[in-house]
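Student: data_4.cif is the file, holding mmCIF, C-alpha atoms, pLDDT in the B column; chains and numbers go by the auth columns:
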```
data_coords
loop_
_atom_site.group_PDB
_atom_site.id
_atom_site.type_symbol
_atom_site.label_atom_id
_atom_site.label_comp_id
_atom_site.label_asym_id
_atom_site.label_seq_id
_atom_site.Cartn_x
_atom_site.Cartn_y
_atom_site.Cartn_z
_atom_site.B_iso_or_equiv
_atom_site.auth_seq_id
_atom_site.auth_asym_id
ATOM 1 C CA MET A 1 32.680 1.575 -6.761 94.00 1 A
ATOM 2 C CA HIS A 2 29.581 0.560 -4.833 98.00 2 A
ATOM 3 C CA ILE A 3 26.209 0.208 -6.532 98.00 3 A
ATOM 4 C CA LEU A 4 22.962 -0.254 -4.630 99.00 4 A
ATOM 5 C CA VAL A 5 20.846 -2.862 -6.432 99.00 5 A
ATOM 6 C CA ILE A 6 17.159 -2.940 -5.490 99.00 6 A
ATOM 7 C CA SER A 7 13.960 -4.406 -6.888 99.00 7 A
ATOM 8 C CA ASP A 8 10.276 -4.876 -6.153 98.00 8 A
ATOM 9 C CA ILE A 9 9.684 -1.886 -3.912 99.00 9 A
ATOM 10 C CA HIS A 10 5.947 -2.259 -4.431 98.00 10 A
ATOM 11 C CA ALA A 11 4.883 1.119 -3.105 98.00 11 A
ATOM 12 C CA ASN A 12 6.395 0.430 0.318 98.00 12 A
ATOM 13 C CA ILE A 13 8.057 3.753 1.121 98.00 13 A
ATOM 14 C CA VAL A 14 8.823 2.752 4.722 98.00 14 A
ATOM 15 C CA ALA A 15 10.892 -0.219 3.553 99.00 15 A
ATOM 16 C CA LEU A 16 12.521 1.841 0.788 99.00 16 A
ATOM 17 C CA GLU A 17 13.643 4.545 3.201 98.00 17 A
ATOM 18 C CA ALA A 18 15.033 1.889 5.547 98.00 18 A
ATOM 19 C CA VAL A 19 17.061 0.416 2.683 98.00 19 A
ATOM 20 C CA LEU A 20 18.384 3.779 1.512 98.00 20 A
ATOM 21 C CA ALA A 21 19.417 4.678 5.055 98.00 21 A
ATOM 22 C CA ASP A 22 21.100 1.331 5.626 98.00 22 A
ATOM 23 C CA ALA A 23 22.977 1.395 2.319 98.00 23 A
ATOM 24 C CA ALA A 24 24.098 4.960 3.089 94.00 24 A
ATOM 25 C CA LYS A 25 26.495 6.477 0.557 95.00 25 A
ATOM 26 C CA VAL A 26 26.709 4.628 -2.760 98.00 26 A
ATOM 27 C CA ASP A 27 27.988 5.680 -6.166 98.00 27 A
ATOM 28 C CA ALA A 28 24.835 4.708 -8.070 98.00 28 A
ATOM 29 C CA THR A 29 21.522 2.897 -7.697 98.00 29 A
ATOM 30 C CA TRP A 30 20.166 0.286 -10.078 99.00 30 A
ATOM 31 C CA CYS A 31 16.464 -0.419 -9.616 99.00 31 A
ATOM 32 C CA LEU A 32 15.127 -3.513 -11.388 99.00 32 A
ATOM 33 C CA GLY A 33 11.481 -2.503 -11.479 98.00 33 A
ATOM 34 C CA ASP A 34 8.118 -2.820 -9.745 98.00 34 A
ATOM 35 C CA LEU A 35 8.219 0.476 -7.953 98.00 35 A
ATOM 36 C CA VAL A 36 4.437 0.237 -7.475 98.00 36 A
ATOM 37 C CA GLY A 37 1.747 -2.381 -6.870 97.00 37 A
ATOM 38 C CA TYR A 38 0.524 -4.029 -3.646 97.00 38 A
ATOM 39 C CA GLY A 39 1.610 -1.183 -1.340 98.00 39 A
ATOM 40 C CA PRO A 40 0.050 2.078 -0.113 98.00 40 A
ATOM 41 C CA ASN A 41 2.580 4.740 -1.211 98.00 41 A
ATOM 42 C CA PRO A 42 3.173 4.549 -4.977 98.00 42 A
ATOM 43 C CA ASN A 43 3.745 8.267 -5.513 98.00 43 A
ATOM 44 C CA GLU A 44 6.240 8.556 -2.695 98.00 44 A
ATOM 45 C CA CYS A 45 8.212 5.588 -4.010 98.00 45 A
ATOM 46 C CA VAL A 46 8.295 6.718 -7.643 98.00 46 A
ATOM 47 C CA SER A 47 9.270 10.251 -6.649 98.00 47 A
ATOM 48 C CA ARG A 48 11.995 9.000 -4.320 98.00 48 A
ATOM 49 C CA ILE A 49 13.491 6.741 -6.979 98.00 49 A
ATOM 50 C CA ARG A 50 13.389 9.211 -9.853 97.00 50 A
ATOM 51 C CA ASN A 51 15.144 11.844 -7.745 98.00 51 A
ATOM 52 C CA LEU A 52 18.017 9.630 -6.606 98.00 52 A
ATOM 53 C CA PRO A 53 21.434 10.611 -7.997 97.00 53 A
ATOM 54 C CA ASN A 54 22.925 8.298 -10.653 98.00 54 A
ATOM 55 C CA ILE A 55 19.765 6.209 -10.875 98.00 55 A
ATOM 56 C CA VAL A 56 19.181 3.522 -13.485 98.00 56 A
ATOM 57 C CA CYS A 57 15.634 2.183 -13.314 98.00 57 A
ATOM 58 C CA LEU A 58 13.699 -0.451 -15.282 98.00 58 A
ATOM 59 C CA ILE A 59 9.988 -1.083 -15.681 98.00 59 A
ATOM 60 C CA GLY A 60 8.381 -4.036 -13.923 98.00 60 A
ATOM 61 C CA ASN A 61 5.118 -5.800 -14.662 98.00 61 A
ATOM 62 C CA HIS A 62 3.182 -3.892 -11.987 98.00 62 A
ATOM 63 C CA ASP A 63 4.605 -0.611 -13.236 98.00 63 A
ATOM 64 C CA ALA A 64 3.557 -1.527 -16.774 98.00 64 A
ATOM 65 C CA ALA A 65 0.055 -2.503 -15.662 98.00 65 A
ATOM 66 C CA SER A 66 -0.369 0.760 -13.763 98.00 66 A
ATOM 67 C CA ILE A 67 0.128 2.701 -17.012 98.00 67 A
ATOM 68 C CA ASP A 68 -1.977 0.334 -19.149 96.00 68 A
ATOM 69 C CA LEU A 69 0.895 -1.402 -20.927 96.00 69 A
ATOM 70 C CA ILE A 70 -0.193 -4.822 -19.631 94.00 70 A
ATOM 71 C CA ASP A 71 -3.731 -6.173 -19.473 92.00 71 A
ATOM 72 C CA THR A 72 -4.724 -6.227 -15.803 92.00 72 A
ATOM 73 C CA PHE A 73 -6.626 -9.478 -16.328 88.00 73 A
ATOM 74 C CA THR A 74 -3.283 -11.282 -16.534 89.00 74 A
ATOM 75 C CA PHE A 75 -3.038 -10.663 -12.761 94.00 75 A
ATOM 76 C CA ASN A 76 -4.925 -12.457 -9.999 92.00 76 A
ATOM 77 C CA ASP A 77 -7.949 -10.760 -8.454 94.00 77 A
ATOM 78 C CA GLU A 78 -6.141 -9.309 -5.444 94.00 78 A
ATOM 79 C CA ALA A 79 -3.196 -7.999 -7.464 95.00 79 A
ATOM 80 C CA ARG A 80 -5.666 -6.506 -9.946 95.00 80 A
ATOM 81 C CA GLN A 81 -7.465 -4.720 -7.131 95.00 81 A
ATOM 82 C CA ALA A 82 -4.184 -3.149 -6.022 95.00 82 A
ATOM 83 C CA ILE A 83 -3.356 -2.150 -9.611 97.00 83 A
ATOM 84 C CA PHE A 84 -6.725 -0.400 -10.053 97.00 84 A
ATOM 85 C CA TRP A 85 -6.128 1.504 -6.814 97.00 85 A
ATOM 86 C CA THR A 86 -2.623 2.443 -7.991 98.00 86 A
ATOM 87 C CA GLN A 87 -3.936 3.643 -11.356 98.00 87 A
ATOM 88 C CA GLN A 88 -6.396 5.924 -9.596 97.00 88 A
ATOM 89 C CA ASN A 89 -3.827 7.354 -7.191 98.00 89 A
ATOM 90 C CA LEU A 90 -0.663 7.794 -9.263 98.00 90 A
ATOM 91 C CA THR A 91 0.018 11.369 -10.312 98.00 91 A
ATOM 92 C CA HIS A 92 0.400 12.248 -13.985 98.00 92 A
ATOM 93 C CA THR A 93 4.038 13.133 -13.340 98.00 93 A
ATOM 94 C CA ASN A 94 4.809 9.747 -11.879 98.00 94 A
ATOM 95 C CA LYS A 95 2.888 7.934 -14.601 98.00 95 A
ATOM 96 C CA ASP A 96 4.918 9.847 -17.177 98.00 96 A
ATOM 97 C CA TYR A 97 8.123 8.769 -15.446 98.00 97 A
ATOM 98 C CA LEU A 98 7.094 5.106 -15.503 98.00 98 A
ATOM 99 C CA LYS A 99 6.420 5.435 -19.233 98.00 99 A
ATOM 100 C CA THR A 100 10.063 6.403 -19.810 98.00 100 A
ATOM 101 C CA LEU A 101 11.497 3.289 -18.156 98.00 101 A
ATOM 102 C CA PRO A 102 13.143 0.640 -20.360 98.00 102 A
ATOM 103 C CA SER A 103 12.593 -3.097 -19.979 98.00 103 A
ATOM 104 C CA THR A 104 16.303 -3.908 -20.382 98.00 104 A
ATOM 105 C CA LYS A 105 19.597 -2.116 -19.881 98.00 105 A
ATOM 106 C CA GLU A 106 23.179 -3.079 -20.689 98.00 106 A
ATOM 107 C CA ILE A 107 25.873 -1.587 -18.450 98.00 107 A
ATOM 108 C CA GLY A 108 29.364 -2.955 -19.012 98.00 108 A
ATOM 109 C CA ALA A 109 29.424 -6.635 -18.056 98.00 109 A
ATOM 110 C CA PHE A 110 25.854 -6.479 -16.700 98.00 110 A
ATOM 111 C CA THR A 111 22.461 -6.994 -18.310 98.00 111 A
ATOM 112 C CA LEU A 112 19.589 -5.582 -16.244 99.00 112 A
ATOM 113 C CA VAL A 113 15.987 -6.832 -16.513 98.00 113 A
ATOM 114 C CA HIS A 114 13.005 -7.177 -14.222 98.00 114 A
ATOM 115 C CA GLY A 115 11.822 -10.712 -14.923 98.00 115 A
ATOM 116 C CA SER A 116 14.253 -12.645 -17.084 98.00 116 A
ATOM 117 C CA PRO A 117 16.532 -12.021 -20.072 98.00 117 A
ATOM 118 C CA ARG A 118 14.125 -14.081 -22.226 98.00 118 A
ATOM 119 C CA HIS A 119 10.989 -12.191 -21.128 98.00 119 A
ATOM 120 C CA PRO A 120 12.261 -9.027 -19.390 98.00 120 A
ATOM 121 C CA VAL A 121 9.004 -7.916 -17.783 97.00 121 A
ATOM 122 C CA TRP A 122 7.054 -11.085 -17.013 94.00 122 A
ATOM 123 C CA GLU A 123 8.998 -14.343 -16.599 98.00 123 A
ATOM 124 C CA TYR A 124 9.885 -15.671 -13.147 98.00 124 A
ATOM 125 C CA LEU A 125 13.220 -17.384 -12.543 98.00 125 A
ATOM 126 C CA LEU A 126 12.304 -19.827 -9.787 97.00 126 A
ATOM 127 C CA ASP A 127 14.218 -22.981 -10.708 97.00 127 A
ATOM 128 C CA THR A 128 17.459 -24.116 -12.309 98.00 128 A
ATOM 129 C CA TYR A 129 15.708 -25.456 -15.426 98.00 129 A
ATOM 130 C CA THR A 130 14.216 -22.082 -16.340 98.00 130 A
ATOM 131 C CA ALA A 131 17.445 -20.328 -15.389 98.00 131 A
ATOM 132 C CA THR A 132 19.487 -22.629 -17.608 98.00 132 A
ATOM 133 C CA ILE A 133 17.319 -21.794 -20.619 98.00 133 A
ATOM 134 C CA ASN A 134 17.658 -18.079 -19.908 98.00 134 A
ATOM 135 C CA PHE A 135 21.447 -18.110 -20.102 98.00 135 A
ATOM 136 C CA ARG A 136 20.956 -18.409 -23.874 97.00 136 A
ATOM 137 C CA HIS A 137 19.204 -15.046 -23.938 98.00 137 A
ATOM 138 C CA PHE A 138 21.972 -12.728 -22.761 98.00 138 A
ATOM 139 C CA ASP A 139 25.597 -12.398 -23.826 96.00 139 A
ATOM 140 C CA SER A 140 27.088 -10.416 -20.955 98.00 140 A
ATOM 141 C CA SER A 141 28.930 -11.992 -18.039 98.00 141 A
ATOM 142 C CA PHE A 142 26.164 -11.217 -15.571 98.00 142 A
ATOM 143 C CA CYS A 143 22.424 -10.599 -15.555 98.00 143 A
ATOM 144 C CA LEU A 144 20.546 -8.852 -12.734 99.00 144 A
ATOM 145 C CA VAL A 145 16.875 -9.765 -12.242 99.00 145 A
ATOM 146 C CA GLY A 146 14.069 -9.169 -9.756 98.00 146 A
ATOM 147 C CA HIS A 147 10.399 -10.227 -9.900 98.00 147 A
ATOM 148 C CA SER A 148 10.584 -13.390 -7.754 98.00 148 A
ATOM 149 C CA HIS A 149 11.220 -11.421 -4.527 98.00 149 A
ATOM 150 C CA ILE A 150 13.854 -13.987 -3.527 98.00 150 A
ATOM 151 C CA PRO A 151 17.622 -13.307 -3.207 98.00 151 A
ATOM 152 C CA VAL A 152 19.312 -15.980 -5.283 98.00 152 A
ATOM 153 C CA ILE A 153 22.260 -16.592 -7.609 98.00 153 A
ATOM 154 C CA TYR A 154 22.184 -18.910 -10.620 98.00 154 A
ATOM 155 C CA GLN A 155 25.538 -19.861 -12.145 97.00 155 A
ATOM 156 C CA LEU A 156 26.380 -21.623 -15.393 95.00 156 A
ATOM 157 C CA LEU A 157 29.985 -22.654 -14.948 88.00 157 A
ATOM 158 C CA ASP A 158 32.345 -23.583 -17.772 83.00 158 A
ATOM 159 C CA GLY A 159 31.551 -27.039 -19.043 80.00 159 A
ATOM 160 C CA SER A 160 28.196 -27.237 -17.251 89.00 160 A
ATOM 161 C CA THR A 161 24.987 -27.928 -19.121 92.00 161 A
ATOM 162 C CA SER A 162 22.676 -26.817 -16.300 96.00 162 A
ATOM 163 C CA ALA A 163 22.718 -23.929 -13.868 97.00 163 A
ATOM 164 C CA ASP A 164 23.554 -24.192 -10.177 97.00 164 A
ATOM 165 C CA LEU A 165 21.483 -22.382 -7.546 97.00 165 A
ATOM 166 C CA HIS A 166 23.029 -20.586 -4.592 96.00 166 A
ATOM 167 C CA ILE A 167 21.212 -18.752 -1.782 97.00 167 A
ATOM 168 C CA PRO A 168 23.586 -16.044 -0.518 97.00 168 A
ATOM 169 C CA GLN A 169 23.517 -15.303 3.197 96.00 169 A
ATOM 170 C CA PRO A 170 23.104 -11.704 4.397 97.00 170 A
ATOM 171 C CA ASN A 171 26.313 -9.728 4.909 97.00 171 A
ATOM 172 C CA GLN A 172 28.488 -12.359 3.265 95.00 172 A
ATOM 173 C CA ILE A 173 30.509 -11.197 0.289 97.00 173 A
ATOM 174 C CA THR A 174 30.125 -13.343 -2.815 98.00 174 A
ATOM 175 C CA HIS A 175 32.907 -13.160 -5.394 97.00 175 A
ATOM 176 C CA LEU A 176 31.202 -13.261 -8.765 97.00 176 A
ATOM 177 C CA THR A 177 32.083 -15.731 -11.481 94.00 177 A
ATOM 178 C CA PRO A 178 30.851 -15.410 -15.071 95.00 178 A
ATOM 179 C CA ARG A 179 28.224 -16.448 -16.030 96.00 179 A
ATOM 180 C CA SER A 180 25.740 -15.615 -13.312 98.00 180 A
ATOM 181 C CA ILE A 181 22.160 -14.424 -12.848 98.00 181 A
ATOM 182 C CA LEU A 182 21.751 -12.412 -9.646 98.00 182 A
ATOM 183 C CA ASN A 183 18.585 -11.425 -7.772 99.00 183 A
ATOM 184 C CA PRO A 184 18.779 -8.916 -4.860 98.00 184 A
ATOM 185 C CA GLY A 185 15.387 -9.896 -3.431 98.00 185 A
ATOM 186 C CA SER A 186 12.541 -7.512 -2.683 98.00 186 A
ATOM 187 C CA VAL A 187 12.575 -4.203 -0.857 98.00 187 A
ATOM 188 C CA GLY A 188 8.865 -3.951 -0.202 98.00 188 A
ATOM 189 C CA GLN A 189 7.469 -7.492 -0.192 98.00 189 A
ATOM 190 C CA PRO A 190 10.034 -10.266 0.497 98.00 190 A
ATOM 191 C CA ARG A 191 8.865 -13.811 -0.236 98.00 191 A
ATOM 192 C CA ASP A 192 11.650 -15.942 1.233 97.00 192 A
ATOM 193 C CA ARG A 193 10.115 -16.179 4.720 97.00 193 A
ATOM 194 C CA ASP A 194 12.270 -13.288 5.940 98.00 194 A
ATOM 195 C CA PRO A 195 10.108 -10.163 6.291 98.00 195 A
ATOM 196 C CA ARG A 196 13.059 -7.772 6.355 98.00 196 A
ATOM 197 C CA ALA A 197 13.648 -5.592 3.313 98.00 197 A
ATOM 198 C CA ALA A 198 16.316 -6.967 0.971 98.00 198 A
ATOM 199 C CA TYR A 199 18.911 -5.272 -1.207 99.00 199 A
ATOM 200 C CA ALA A 200 22.370 -5.913 -2.614 98.00 200 A
ATOM 201 C CA ILE A 201 25.604 -3.986 -2.911 98.00 201 A
ATOM 202 C CA LEU A 202 27.489 -4.645 -6.140 98.00 202 A
ATOM 203 C CA ASP A 203 31.125 -3.742 -6.719 98.00 203 A
ATOM 204 C CA PRO A 204 31.558 -4.075 -10.500 98.00 204 A
ATOM 205 C CA ASP A 205 35.303 -3.475 -10.286 97.00 205 A
ATOM 206 C CA GLU A 206 36.049 -6.127 -7.661 97.00 206 A
ATOM 207 C CA LEU A 207 33.138 -8.289 -8.880 98.00 207 A
ATOM 208 C CA THR A 208 31.587 -8.740 -5.456 98.00 208 A
ATOM 209 C CA TRP A 209 27.933 -9.041 -4.444 98.00 209 A
ATOM 210 C CA GLU A 210 26.618 -8.662 -0.910 98.00 210 A
ATOM 211 C CA ILE A 211 23.015 -9.208 0.182 98.00 211 A
ATOM 212 C CA HIS A 212 21.675 -7.149 3.090 98.00 212 A
ATOM 213 C CA ARG A 213 18.475 -7.397 5.130 98.00 213 A
ATOM 214 C CA VAL A 214 16.930 -4.462 6.973 98.00 214 A
ATOM 215 C CA PRO A 215 14.052 -4.410 9.479 98.00 215 A
ATOM 216 C CA TYR A 216 11.419 -1.733 9.011 98.00 216 A
ATOM 217 C CA ASP A 217 8.114 -0.727 10.598 98.00 217 A
ATOM 218 C CA ILE A 218 5.803 -3.330 9.074 98.00 218 A
ATOM 219 C CA LYS A 219 2.901 -2.360 11.351 98.00 219 A
ATOM 220 C CA GLU A 220 2.996 1.170 9.971 98.00 220 A
ATOM 221 C CA VAL A 221 2.808 -0.086 6.399 98.00 221 A
ATOM 222 C CA GLN A 222 -0.021 -2.454 7.269 98.00 222 A
ATOM 223 C CA ALA A 223 -1.970 0.413 8.850 98.00 223 A
ATOM 224 C CA ARG A 224 -1.564 2.463 5.673 98.00 224 A
ATOM 225 C CA MET A 225 -2.689 -0.493 3.577 98.00 225 A
ATOM 226 C CA LYS A 226 -5.786 -0.993 5.725 98.00 226 A
ATOM 227 C CA GLN A 227 -6.643 2.688 5.373 97.00 227 A
ATOM 228 C CA ALA A 228 -6.446 2.257 1.592 96.00 228 A
ATOM 229 C CA ASN A 229 -8.633 -0.880 1.743 96.00 229 A
ATOM 230 C CA MET A 230 -5.897 -3.106 0.307 96.00 230 A
ATOM 231 C CA PRO A 231 -6.566 -6.872 0.216 95.00 231 A
ATOM 232 C CA ASP A 232 -6.065 -8.601 3.572 96.00 232 A
ATOM 233 C CA ARG A 233 -3.731 -11.182 2.031 94.00 233 A
ATOM 234 C CA HIS A 234 -1.318 -8.479 0.904 96.00 234 A
ATOM 235 C CA ILE A 235 -1.423 -6.889 4.336 97.00 235 A
ATOM 236 C CA LEU A 236 -0.795 -10.102 6.285 96.00 236 A
ATOM 237 C CA ARG A 237 1.986 -11.471 4.077 96.00 237 A
ATOM 238 C CA LEU A 238 4.332 -8.636 5.051 98.00 238 A
ATOM 239 C CA GLU A 239 4.624 -10.068 8.581 96.00 239 A
ATOM 240 C CA SER A 240 6.055 -13.428 7.531 95.00 240 A
ATOM 241 C CA GLY A 241 7.738 -12.577 4.252 97.00 241 A
ATOM 242 C CA TRP A 242 5.878 -14.900 1.906 94.00 242 A
#
```
Go through the file and emit its structure as structure tokens.

Tutor:
Amino acid sequence: MHILVISDIHANIVALEAVLADAAKVDATWCLGDLVGYGPNPNECVSRIRNLPNIVCLIGNHDAASIDLIDTFTFNDEARQAIFWTQQNLTHTNKDYLKTLPSTKEIGAFTLVHGSPRHPVWEYLLDTYTATINFRHFDSSFCLVGHSHIPVIYQLLDGSTSADLHIPQPNQITHLTPRSILNPGSVGQPRDRDPRAAYAILDPDELTWEIHRVPYDIKEVQARMKQANMPDRHILRLESGW
């Protein structure tokens, strides 16, 4: 069984289509949230995700803010500007879909969240200290997270008191060991200095995890963002993946 694991699309339909084409035929798709925010095509992205076969999708913090579940003043000025634009442009149908999304999901040996098992929508896992604390907040063998936009694996091995950090290389198969926290990176706004869209393929039967990177037409997305008067910082960061 092959499951496409994606996160942080951020209204970047060009990157999303590149990922779906590259992943080709999969048995299911697990989306870890933030379908919208920052990017110029929120409706296209939400519609594409909700119509995928065998889709499991969570709510992210930008999704929640776009439907007034999070105070927008918890975001920085530029992110808030993008959220206001998204609120004005999302269709009622797509807003209604976002309202149905859960913040956590348990599927077999896997716990799915957007941010962290401790704070599913908001918390970033950016270091081994925070990751170590979060292992106390889920009981399954594995937890899948997004939010940081960085492909990474945290492991808490038997007998260890602190988590290890591993940066998986693209196209290399990682054999999973309980207990692990896995992040597939970002489809629409990578922040690991690699501008290519990121996703993972999970085989829950063989317990393997494989990160992939896909180039897409960044200039096209930037042109759409400029037309929508998106903040310059959000436009420029796509080029360098930060």

Student: Have a look at A:Ala15, A:Cys31, A:Cys45, A:Ala65 and name the one nearest to Leu238 in chain A; count all atoms listed in the file.

Tutor: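 Among the listed residues, the smallest separation from Leu238 in chain A belongs to A:Ala15.
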
Student: What would the selection look like, as a list in words, if the PyMOL selection byres ((chain A and resi 30) around 9) were run on the coordinates I just shared?

Tutor: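 Residues picked by the PyMOL selection byres ((chain A and resi 30) around 9): Ile3, Leu4, Val5, Ile6, Ser7, Ala28, Thr29, Cys31, Leu32, Asn54, Ile55, Val56, Cys57, Leu58 and Leu112 of chain A.
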
Student: Pull C-alpha atoms from the residues just selected and write them as a tab-separated table (two decimals), in the coordinates of the input.

Tutor:
```tsv
chain	number	residue	atom	x	y	z
A	3	ILE	CA	26.21	0.21	-6.53
A	4	LEU	CA	22.96	-0.25	-4.63
A	5	VAL	CA	20.85	-2.86	-6.43
A	6	ILE	CA	17.16	-2.94	-5.49
A	7	SER	CA	13.96	-4.41	-6.89
A	28	ALA	CA	24.84	4.71	-8.07
A	29	THR	CA	21.52	2.90	-7.70
A	31	CYS	CA	16.46	-0.42	-9.62
A	32	LEU	CA	15.13	-3.51	-11.39
A	54	ASN	CA	22.92	8.30	-10.65
A	55	ILE	CA	19.76	6.21	-10.88
A	56	VAL	CA	19.18	3.52	-13.48
A	57	CYS	CA	15.63	2.18	-13.31
A	58	LEU	CA	13.70	-0.45	-15.28
A	112	LEU	CA	19.59	-5.58	-16.24
```

Student: Find, counting only C-alpha atoms, the residue in A:Ser160, A:His234, A:Gly241, A:Leu35 that gets nearest to Arg196 in chain A.

Tutor: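 Ranked by minimum distance to Arg196 in chain A, first place goes to A:Gly241.
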
Student: To test your reading of the syntax: which residues would the PyMOL selection byres ((chain A and resi 95-104) around 7) return for the file shown? Reply as an MDAnalysis selection string.

Tutor: chainID A and resid 57:59 63 67 90:94 105:106 112:113 120:121

Student: Could you list as JSON, numbers by chain every residue that has an atom within 12 Å of (24.4, -20.7, -0.4), using the file's coordinates and counting all atoms listed in the file?

Tutor: {"A": [151, 152, 153, 154, 155, 164, 165, 166, 167, 168, 169, 170, 172, 173, 174, 211]}

Student: Fewer than 5 positions away in the same chain doesn't count, so skip those; otherwise give me all residues within 6 Å of Val187 in chain A, counting only C-alpha atoms, as a count of residues only.

Tutor: 4

Student: Pick from A:Asn61, A:Ser162, A:Ile218, A:Gln88: nearest to Ser148 in chain A, with all atoms listed in the file counted?

Tutor: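 Of A:Asn61, A:Ser162, A:Ile218, A:Gln88, the one nearest Ser148 in chain A is A:Asn61, counting all atoms listed in the file.
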
Student: Work out how far apart CA of Ile235 in chain A and CA of Asn41 in chain A are and give it in Å to one decimal.

Tutor: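 Computing it gives 13.5 Å between the two atoms.
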
Student: Mind pulling up the distance from CA of Val214 in chain A to CA of Val19 in chain A?

Tutor: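 Spanning CA of Val19 in chain A to CA of Val214 in chain A is a straight-line distance of 6.5 Å.
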
Student: Can you work out the spacing between CA of Pro195 in chain A and CA of Glu239 in chain A in Å, to one decimal?

Tutor: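 Distance reported for this atom pair: 5.9 Å.
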
Student: Got a sec to resolve the PyMOL selection byres ((chain A and resi 176) around 12) on this structure and send the residues as an NGL selection string?

Tutor: :A and (109-110 or 141-143 or 153-157 or 166 or 168 or 173-175 or 177-182 or 202-210)

Student: With C-alpha atoms kept, could you save the residues just selected as a PDB file, in the coordinates of the input?

Tutor:
```
ATOM      1  CA  ALA A 109      29.424  -6.635 -18.056  1.00 98.00           C
ATOM      2  CA  PHE A 110      25.854  -6.479 -16.700  1.00 98.00           C
ATOM      3  CA  SER A 141      28.930 -11.992 -18.039  1.00 98.00           C
ATOM      4  CA  PHE A 142      26.164 -11.217 -15.571  1.00 98.00           C
ATOM      5  CA  CYS A 143      22.424 -10.599 -15.555  1.00 98.00           C
ATOM      6  CA  ILE A 153      22.260 -16.592  -7.609  1.00 98.00           C
ATOM      7  CA  TYR A 154      22.184 -18.910 -10.620  1.00 98.00           C
ATOM      8  CA  GLN A 155      25.538 -19.861 -12.145  1.00 97.00           C
ATOM      9  CA  LEU A 156      26.380 -21.623 -15.393  1.00 95.00           C
ATOM     10  CA  LEU A 157      29.985 -22.654 -14.948  1.00 88.00           C
ATOM     11  CA  HIS A 166      23.029 -20.586  -4.592  1.00 96.00           C
ATOM     12  CA  PRO A 168      23.586 -16.044  -0.518  1.00 97.00           C
ATOM     13  CA  ILE A 173      30.509 -11.197   0.289  1.00 97.00           C
ATOM     14  CA  THR A 174      30.125 -13.343  -2.815  1.00 98.00           C
ATOM     15  CA  HIS A 175      32.907 -13.160  -5.394  1.00 97.00           C
ATOM     16  CA  THR A 177      32.083 -15.731 -11.481  1.00 94.00           C
ATOM     17  CA  PRO A 178      30.851 -15.410 -15.071  1.00 95.00           C
ATOM     18  CA  ARG A 179      28.224 -16.448 -16.030  1.00 96.00           C
ATOM     19  CA  SER A 180      25.740 -15.615 -13.312  1.00 98.00           C
ATOM     20  CA  ILE A 181      22.160 -14.424 -12.848  1.00 98.00           C
ATOM     21  CA  LEU A 182      21.751 -12.412  -9.646  1.00 98.00           C
ATOM     22  CA  LEU A 202      27.489  -4.645  -6.140  1.00 98.00           C
ATOM     23  CA  ASP A 203      31.125  -3.742  -6.719  1.00 98.00           C
ATOM     24  CA  PRO A 204      31.558  -4.075 -10.500  1.00 98.00           C
ATOM     25  CA  ASP A 205      35.303  -3.475 -10.286  1.00 97.00           C
ATOM     26  CA  GLU A 206      36.049  -6.127  -7.661  1.00 97.00           C
ATOM     27  CA  LEU A 207      33.138  -8.289  -8.880  1.00 98.00           C
ATOM     28  CA  THR A 208      31.587  -8.740  -5.456  1.00 98.00           C
ATOM     29  CA  TRP A 209      27.933  -9.041  -4.444  1.00 98.00           C
ATOM     30  CA  GLU A 210      26.618  -8.662  -0.910  1.00 98.00           C
TER      31      GLU A 210
END
```

Student: So, with only C-alpha atoms as the atoms that count, which of A:Pro42, A:Pro231, A:Gly159, A:Pro190 lies closest to Gln87 in chain A?

Tutor: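 Among the listed residues, A:Pro42 lies closest to Gln87 in chain A.
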
Student: Nearest to Ala200 in chain A among A:Arg213, A:His62, A:Arg233, A:Lys226, with distances taken over only C-alpha atoms: which residue is it?

Tutor: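 Smallest distance to Ala200 in chain A is found for A:Arg213.
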